[in-house]
file target26.txt (compact mmCIF, N, CA and C atoms)
# COMPACT_ATOMS: atom_id res chain seq x y z
N MET H 1 -8.88 -2.66 -18.80
CA MET H 1 -8.53 -3.61 -17.80
C MET H 1 -9.66 -4.61 -17.58
N SER H 2 -10.88 -4.16 -17.65
CA SER H 2 -12.00 -5.08 -17.46
C SER H 2 -12.04 -6.12 -18.58
N ARG H 3 -11.58 -5.75 -19.74
CA ARG H 3 -11.53 -6.68 -20.86
C ARG H 3 -10.64 -7.88 -20.55
N HIS H 4 -9.63 -7.66 -19.68
CA HIS H 4 -8.72 -8.73 -19.29
C HIS H 4 -9.07 -9.30 -17.92
N ALA H 5 -10.24 -8.96 -17.42
CA ALA H 5 -10.73 -9.43 -16.12
C ALA H 5 -9.81 -9.03 -14.97
N LEU H 6 -9.21 -7.84 -15.07
CA LEU H 6 -8.37 -7.32 -13.99
C LEU H 6 -9.18 -6.37 -13.14
N PRO H 7 -8.95 -6.38 -11.84
CA PRO H 7 -9.66 -5.42 -10.99
C PRO H 7 -9.23 -4.01 -11.38
N ARG H 8 -10.16 -3.10 -11.32
CA ARG H 8 -9.87 -1.75 -11.77
C ARG H 8 -9.77 -0.82 -10.57
N ARG H 9 -8.55 -0.56 -10.19
CA ARG H 9 -8.30 0.38 -9.12
C ARG H 9 -7.04 1.15 -9.48
N LEU H 10 -7.22 2.29 -10.09
CA LEU H 10 -6.09 3.12 -10.48
C LEU H 10 -5.86 4.18 -9.42
N ILE H 11 -4.63 4.31 -8.99
CA ILE H 11 -4.29 5.26 -7.96
C ILE H 11 -3.13 6.10 -8.46
N HIS H 12 -3.31 7.41 -8.44
CA HIS H 12 -2.23 8.30 -8.87
C HIS H 12 -1.24 8.47 -7.72
N THR H 13 0.03 8.32 -8.02
CA THR H 13 1.05 8.33 -6.98
C THR H 13 1.82 9.64 -6.90
N SER H 14 1.27 10.70 -7.45
CA SER H 14 1.97 11.99 -7.36
C SER H 14 1.82 12.62 -5.97
N SER H 15 0.88 12.12 -5.17
CA SER H 15 0.63 12.72 -3.85
C SER H 15 1.53 12.15 -2.76
N ALA H 16 2.12 10.99 -3.00
CA ALA H 16 2.99 10.35 -2.01
C ALA H 16 3.85 9.32 -2.71
N PRO H 17 4.95 8.89 -2.06
CA PRO H 17 5.78 7.84 -2.68
C PRO H 17 4.99 6.56 -2.89
N LYS H 18 5.33 5.84 -3.95
CA LYS H 18 4.62 4.59 -4.26
C LYS H 18 4.71 3.60 -3.10
N THR H 19 5.86 3.58 -2.42
CA THR H 19 6.01 2.64 -1.30
C THR H 19 5.00 2.93 -0.20
N ALA H 20 4.79 4.20 0.12
CA ALA H 20 3.84 4.56 1.17
C ALA H 20 2.42 4.20 0.78
N ILE H 21 2.05 4.47 -0.47
CA ILE H 21 0.70 4.17 -0.95
C ILE H 21 0.46 2.66 -0.97
N CYS H 22 1.42 1.91 -1.51
CA CYS H 22 1.28 0.46 -1.59
C CYS H 22 1.19 -0.16 -0.20
N ASN H 23 2.02 0.32 0.71
CA ASN H 23 2.02 -0.20 2.07
C ASN H 23 0.68 0.09 2.75
N ALA H 24 0.18 1.30 2.61
CA ALA H 24 -1.09 1.70 3.24
C ALA H 24 -2.27 0.92 2.69
N LEU H 25 -2.24 0.61 1.40
CA LEU H 25 -3.37 -0.08 0.76
C LEU H 25 -3.21 -1.60 0.71
N GLY H 26 -2.04 -2.09 1.10
CA GLY H 26 -1.80 -3.53 1.06
C GLY H 26 -1.68 -4.07 -0.36
N VAL H 27 -1.08 -3.29 -1.23
CA VAL H 27 -0.92 -3.68 -2.64
C VAL H 27 0.14 -4.78 -2.74
N ASP H 28 -0.22 -5.90 -3.35
CA ASP H 28 0.71 -7.02 -3.53
C ASP H 28 1.52 -6.92 -4.81
N LEU H 29 0.91 -6.36 -5.85
CA LEU H 29 1.50 -6.34 -7.19
C LEU H 29 1.25 -4.98 -7.82
N LEU H 30 2.31 -4.32 -8.25
CA LEU H 30 2.19 -2.98 -8.82
C LEU H 30 2.74 -2.97 -10.23
N LEU H 31 1.92 -2.56 -11.19
CA LEU H 31 2.39 -2.35 -12.56
C LEU H 31 3.05 -0.98 -12.55
N ASN H 32 4.37 -0.98 -12.64
CA ASN H 32 5.16 0.22 -12.41
C ASN H 32 5.72 0.76 -13.72
N ASP H 33 5.38 2.01 -14.03
CA ASP H 33 5.85 2.63 -15.27
C ASP H 33 7.28 3.14 -15.17
N ASN H 34 7.83 3.20 -13.98
CA ASN H 34 9.23 3.62 -13.80
C ASN H 34 10.02 2.38 -13.46
N ILE H 35 10.76 1.86 -14.43
CA ILE H 35 11.39 0.55 -14.31
C ILE H 35 12.30 0.41 -13.10
N ASN H 36 13.07 1.42 -12.76
CA ASN H 36 14.01 1.29 -11.65
C ASN H 36 13.52 1.92 -10.34
N GLU H 37 12.43 2.65 -10.39
CA GLU H 37 11.97 3.38 -9.22
C GLU H 37 11.47 2.46 -8.11
N ASP H 38 12.08 2.55 -6.96
CA ASP H 38 11.59 1.93 -5.74
C ASP H 38 11.42 0.42 -5.77
N SER H 39 11.97 -0.29 -6.72
CA SER H 39 11.72 -1.74 -6.81
C SER H 39 12.13 -2.47 -5.53
N ALA H 40 13.33 -2.19 -5.04
CA ALA H 40 13.79 -2.87 -3.82
C ALA H 40 12.98 -2.41 -2.61
N THR H 41 12.70 -1.12 -2.52
CA THR H 41 11.94 -0.61 -1.39
C THR H 41 10.51 -1.12 -1.41
N LEU H 42 9.91 -1.21 -2.58
CA LEU H 42 8.57 -1.77 -2.70
C LEU H 42 8.55 -3.22 -2.23
N PHE H 43 9.56 -3.98 -2.60
CA PHE H 43 9.64 -5.38 -2.19
C PHE H 43 9.73 -5.49 -0.67
N GLU H 44 10.44 -4.56 -0.04
CA GLU H 44 10.57 -4.56 1.42
C GLU H 44 9.23 -4.37 2.12
N VAL H 45 8.30 -3.66 1.50
CA VAL H 45 6.97 -3.46 2.12
C VAL H 45 5.97 -4.49 1.62
N GLY H 46 6.46 -5.50 0.86
CA GLY H 46 5.59 -6.60 0.45
C GLY H 46 4.92 -6.43 -0.90
N THR H 47 5.41 -5.51 -1.70
CA THR H 47 4.83 -5.26 -3.02
C THR H 47 5.82 -5.67 -4.11
N LEU H 48 5.36 -6.52 -5.03
CA LEU H 48 6.18 -6.88 -6.17
C LEU H 48 5.96 -5.85 -7.27
N SER H 49 7.04 -5.22 -7.71
CA SER H 49 6.97 -4.21 -8.75
C SER H 49 7.17 -4.88 -10.10
N VAL H 50 6.19 -4.76 -10.98
CA VAL H 50 6.28 -5.32 -12.33
C VAL H 50 6.53 -4.17 -13.29
N PRO H 51 7.72 -4.10 -13.87
CA PRO H 51 8.03 -3.01 -14.79
C PRO H 51 7.13 -3.06 -16.04
N TYR H 52 6.57 -1.92 -16.38
CA TYR H 52 5.73 -1.80 -17.58
C TYR H 52 6.57 -1.13 -18.66
N LYS H 53 6.91 -1.89 -19.70
CA LYS H 53 7.76 -1.37 -20.78
C LYS H 53 6.96 -0.41 -21.65
N LEU H 54 7.43 0.81 -21.69
CA LEU H 54 6.84 1.84 -22.55
C LEU H 54 7.89 2.28 -23.56
N SER H 55 7.47 2.99 -24.58
CA SER H 55 8.44 3.43 -25.59
C SER H 55 9.52 4.30 -24.98
N CYS H 56 9.21 5.03 -23.91
CA CYS H 56 10.20 5.92 -23.30
C CYS H 56 11.16 5.20 -22.36
N ASN H 57 10.89 3.92 -22.00
CA ASN H 57 11.79 3.24 -21.07
C ASN H 57 12.22 1.85 -21.52
N ARG H 58 11.89 1.47 -22.74
CA ARG H 58 12.22 0.12 -23.22
C ARG H 58 13.71 -0.21 -23.17
N GLU H 59 14.53 0.77 -23.41
CA GLU H 59 15.97 0.53 -23.49
C GLU H 59 16.66 0.59 -22.13
N ARG H 60 15.96 1.00 -21.10
CA ARG H 60 16.56 1.09 -19.77
C ARG H 60 16.81 -0.30 -19.20
N ALA H 61 17.90 -0.40 -18.47
CA ALA H 61 18.17 -1.65 -17.75
C ALA H 61 17.21 -1.74 -16.58
N ARG H 62 16.81 -2.95 -16.24
CA ARG H 62 15.93 -3.11 -15.08
C ARG H 62 16.64 -3.98 -14.05
N PRO H 63 16.24 -3.87 -12.82
CA PRO H 63 16.88 -4.67 -11.78
C PRO H 63 16.79 -6.17 -12.10
N THR H 64 17.82 -6.91 -11.75
CA THR H 64 17.86 -8.35 -11.99
C THR H 64 16.68 -9.04 -11.33
N GLY H 65 16.08 -9.96 -12.04
CA GLY H 65 15.00 -10.76 -11.49
C GLY H 65 13.62 -10.19 -11.70
N LEU H 66 13.52 -8.95 -12.16
CA LEU H 66 12.20 -8.38 -12.39
C LEU H 66 11.76 -8.65 -13.82
N ARG H 67 10.61 -9.25 -13.96
CA ARG H 67 10.06 -9.56 -15.28
C ARG H 67 9.21 -8.39 -15.74
N ALA H 68 9.53 -7.84 -16.87
CA ALA H 68 8.78 -6.70 -17.40
C ALA H 68 7.67 -7.19 -18.31
N VAL H 69 6.63 -6.39 -18.43
CA VAL H 69 5.52 -6.69 -19.33
C VAL H 69 5.33 -5.49 -20.25
N SER H 70 4.74 -5.75 -21.41
CA SER H 70 4.55 -4.66 -22.37
C SER H 70 3.09 -4.50 -22.79
N SER H 71 2.19 -5.24 -22.11
CA SER H 71 0.78 -5.09 -22.44
C SER H 71 -0.07 -5.53 -21.25
N TRP H 72 -1.32 -5.09 -21.25
CA TRP H 72 -2.25 -5.50 -20.18
C TRP H 72 -2.50 -7.00 -20.22
N SER H 73 -2.55 -7.59 -21.40
CA SER H 73 -2.80 -9.02 -21.48
C SER H 73 -1.62 -9.82 -20.91
N THR H 74 -0.40 -9.34 -21.12
CA THR H 74 0.77 -9.99 -20.54
C THR H 74 0.75 -9.86 -19.02
N PHE H 75 0.33 -8.70 -18.52
CA PHE H 75 0.21 -8.48 -17.08
C PHE H 75 -0.85 -9.42 -16.49
N ALA H 76 -1.98 -9.56 -17.18
CA ALA H 76 -3.03 -10.48 -16.73
C ALA H 76 -2.50 -11.92 -16.69
N GLY H 77 -1.72 -12.30 -17.69
CA GLY H 77 -1.13 -13.64 -17.72
C GLY H 77 -0.16 -13.85 -16.56
N LEU H 78 0.60 -12.81 -16.22
CA LEU H 78 1.52 -12.90 -15.09
C LEU H 78 0.76 -13.07 -13.78
N ILE H 79 -0.33 -12.35 -13.63
CA ILE H 79 -1.16 -12.49 -12.43
C ILE H 79 -1.67 -13.92 -12.31
N THR H 80 -2.17 -14.47 -13.39
CA THR H 80 -2.67 -15.83 -13.39
C THR H 80 -1.57 -16.82 -13.03
N GLU H 81 -0.39 -16.61 -13.62
CA GLU H 81 0.77 -17.47 -13.34
C GLU H 81 1.17 -17.40 -11.88
N LEU H 82 1.19 -16.22 -11.30
CA LEU H 82 1.55 -16.04 -9.89
C LEU H 82 0.51 -16.67 -8.96
N GLU H 83 -0.76 -16.55 -9.34
CA GLU H 83 -1.82 -17.15 -8.51
C GLU H 83 -1.74 -18.66 -8.51
N ARG H 84 -1.32 -19.25 -9.59
CA ARG H 84 -1.20 -20.71 -9.67
C ARG H 84 0.01 -21.22 -8.90
N GLY H 85 1.00 -20.33 -8.70
CA GLY H 85 2.19 -20.72 -7.96
C GLY H 85 3.17 -21.36 -8.84
call {"tool": "encode", "arguments": {"input": "target26.txt", "output": "structure tokens"}}
result
Amino acid sequence: MSRHALPRRLIHTSSAPKTAICNALGVDLLLNDNINEDSATLFEVGTLSVPYKLSCNRERARPTGLRAVSSWSTFAGLITELERG
């Protein structure tokens, strides 16, 4: 992640729902490995869920309007694009 100039803060979400963790930490953007998990609920607490395409979930349908990424560099590009508006 540092190679792409992304802040490095990895948080394991097995201890609580992603929505609760994101809300408590004020997370604006979440690289989410579960394409359909909590996307609408995350958005309700102010977190944009970015689906991370993995070999195990590439064929799954994703909610309309969510742009998926398949690499850290694509995620970094999305962050830059969002910051520019």
call {"tool": "atom_distance", "arguments": {"input": "target26.txt", "atom1": "atom CA of H:Pro17", "atom2": "atom C of H:Ala40"}}
result
12.5 Å
call {"tool": "atom_distance", "arguments": {"input": "target26.txt", "atom1": "atom CA of H:Leu42", "atom2": "atom N of H:Leu54"}}
result
19.2 Å
call {"tool": "atom_distance", "arguments": {"input": "target26.txt", "atom1": "atom CA of H:Ser14", "atom2": "atom CA of H:Leu78"}}
result
26.1 Å
call {"tool": "axis_aligned_box", "arguments": {"input": "target26.txt", "around": "stretch 73-85 of chain H", "padding_each_side": "8 Å", "output": "AutoDock Vina command-line options"}}
result
--center_x 0.1 --center_y -14.5 --center_z -14.7 --size_x 22.2 --size_y 29.8 --size_z 29.5
call {"tool": "residues_around", "arguments": {"input": "target26.txt", "residues": "H:Lys18", "least_positions_apart": "5", "cutoff": "8 Å", "atoms": "all atoms listed in the file", "output": "PDB file with N, CA and C atoms, in the coordinates of the input"}}
result
ATOM      1  N   HIS H  12      -3.310   7.410  -8.440  1.00  0.00           N
ATOM      2  CA  HIS H  12      -2.230   8.300  -8.870  1.00  0.00           C
ATOM      3  C   HIS H  12      -1.240   8.470  -7.720  1.00  0.00           C
ATOM      4  N   THR H  13       0.030   8.320  -8.020  1.00  0.00           N
ATOM      5  CA  THR H  13       1.050   8.330  -6.980  1.00  0.00           C
ATOM      6  C   THR H  13       1.820   9.640  -6.900  1.00  0.00           C
ATOM      7  N   ASN H  23       2.020   0.320   0.710  1.00  0.00           N
ATOM      8  CA  ASN H  23       2.020  -0.200   2.070  1.00  0.00           C
ATOM      9  C   ASN H  23       0.680   0.090   2.750  1.00  0.00           C
ATOM     10  N   ALA H  24       0.180   1.300   2.610  1.00  0.00           N
ATOM     11  CA  ALA H  24      -1.090   1.700   3.240  1.00  0.00           C
ATOM     12  C   ALA H  24      -2.270   0.920   2.690  1.00  0.00           C
ATOM     13  N   ASP H  38      12.080   2.550  -6.960  1.00  0.00           N
ATOM     14  CA  ASP H  38      11.590   1.930  -5.740  1.00  0.00           C
ATOM     15  C   ASP H  38      11.420   0.420  -5.770  1.00  0.00           C
ATOM     16  N   THR H  41      12.700  -1.120  -2.520  1.00  0.00           N
ATOM     17  CA  THR H  41      11.940  -0.610  -1.390  1.00  0.00           C
ATOM     18  C   THR H  41      10.510  -1.120  -1.410  1.00  0.00           C
ATOM     19  N   LEU H  42       9.910  -1.210  -2.580  1.00  0.00           N
ATOM     20  CA  LEU H  42       8.570  -1.770  -2.700  1.00  0.00           C
ATOM     21  C   LEU H  42       8.550  -3.220  -2.230  1.00  0.00           C
TER      22      LEU H  42
END
call {"tool": "closest_residue", "arguments": {"input": "target26.txt", "among": "H:Leu82, H:Ala76, H:Ile11, H:Val50", "to": "H:Asn32", "atoms": "all atoms listed in the file"}}
result
H:Val50
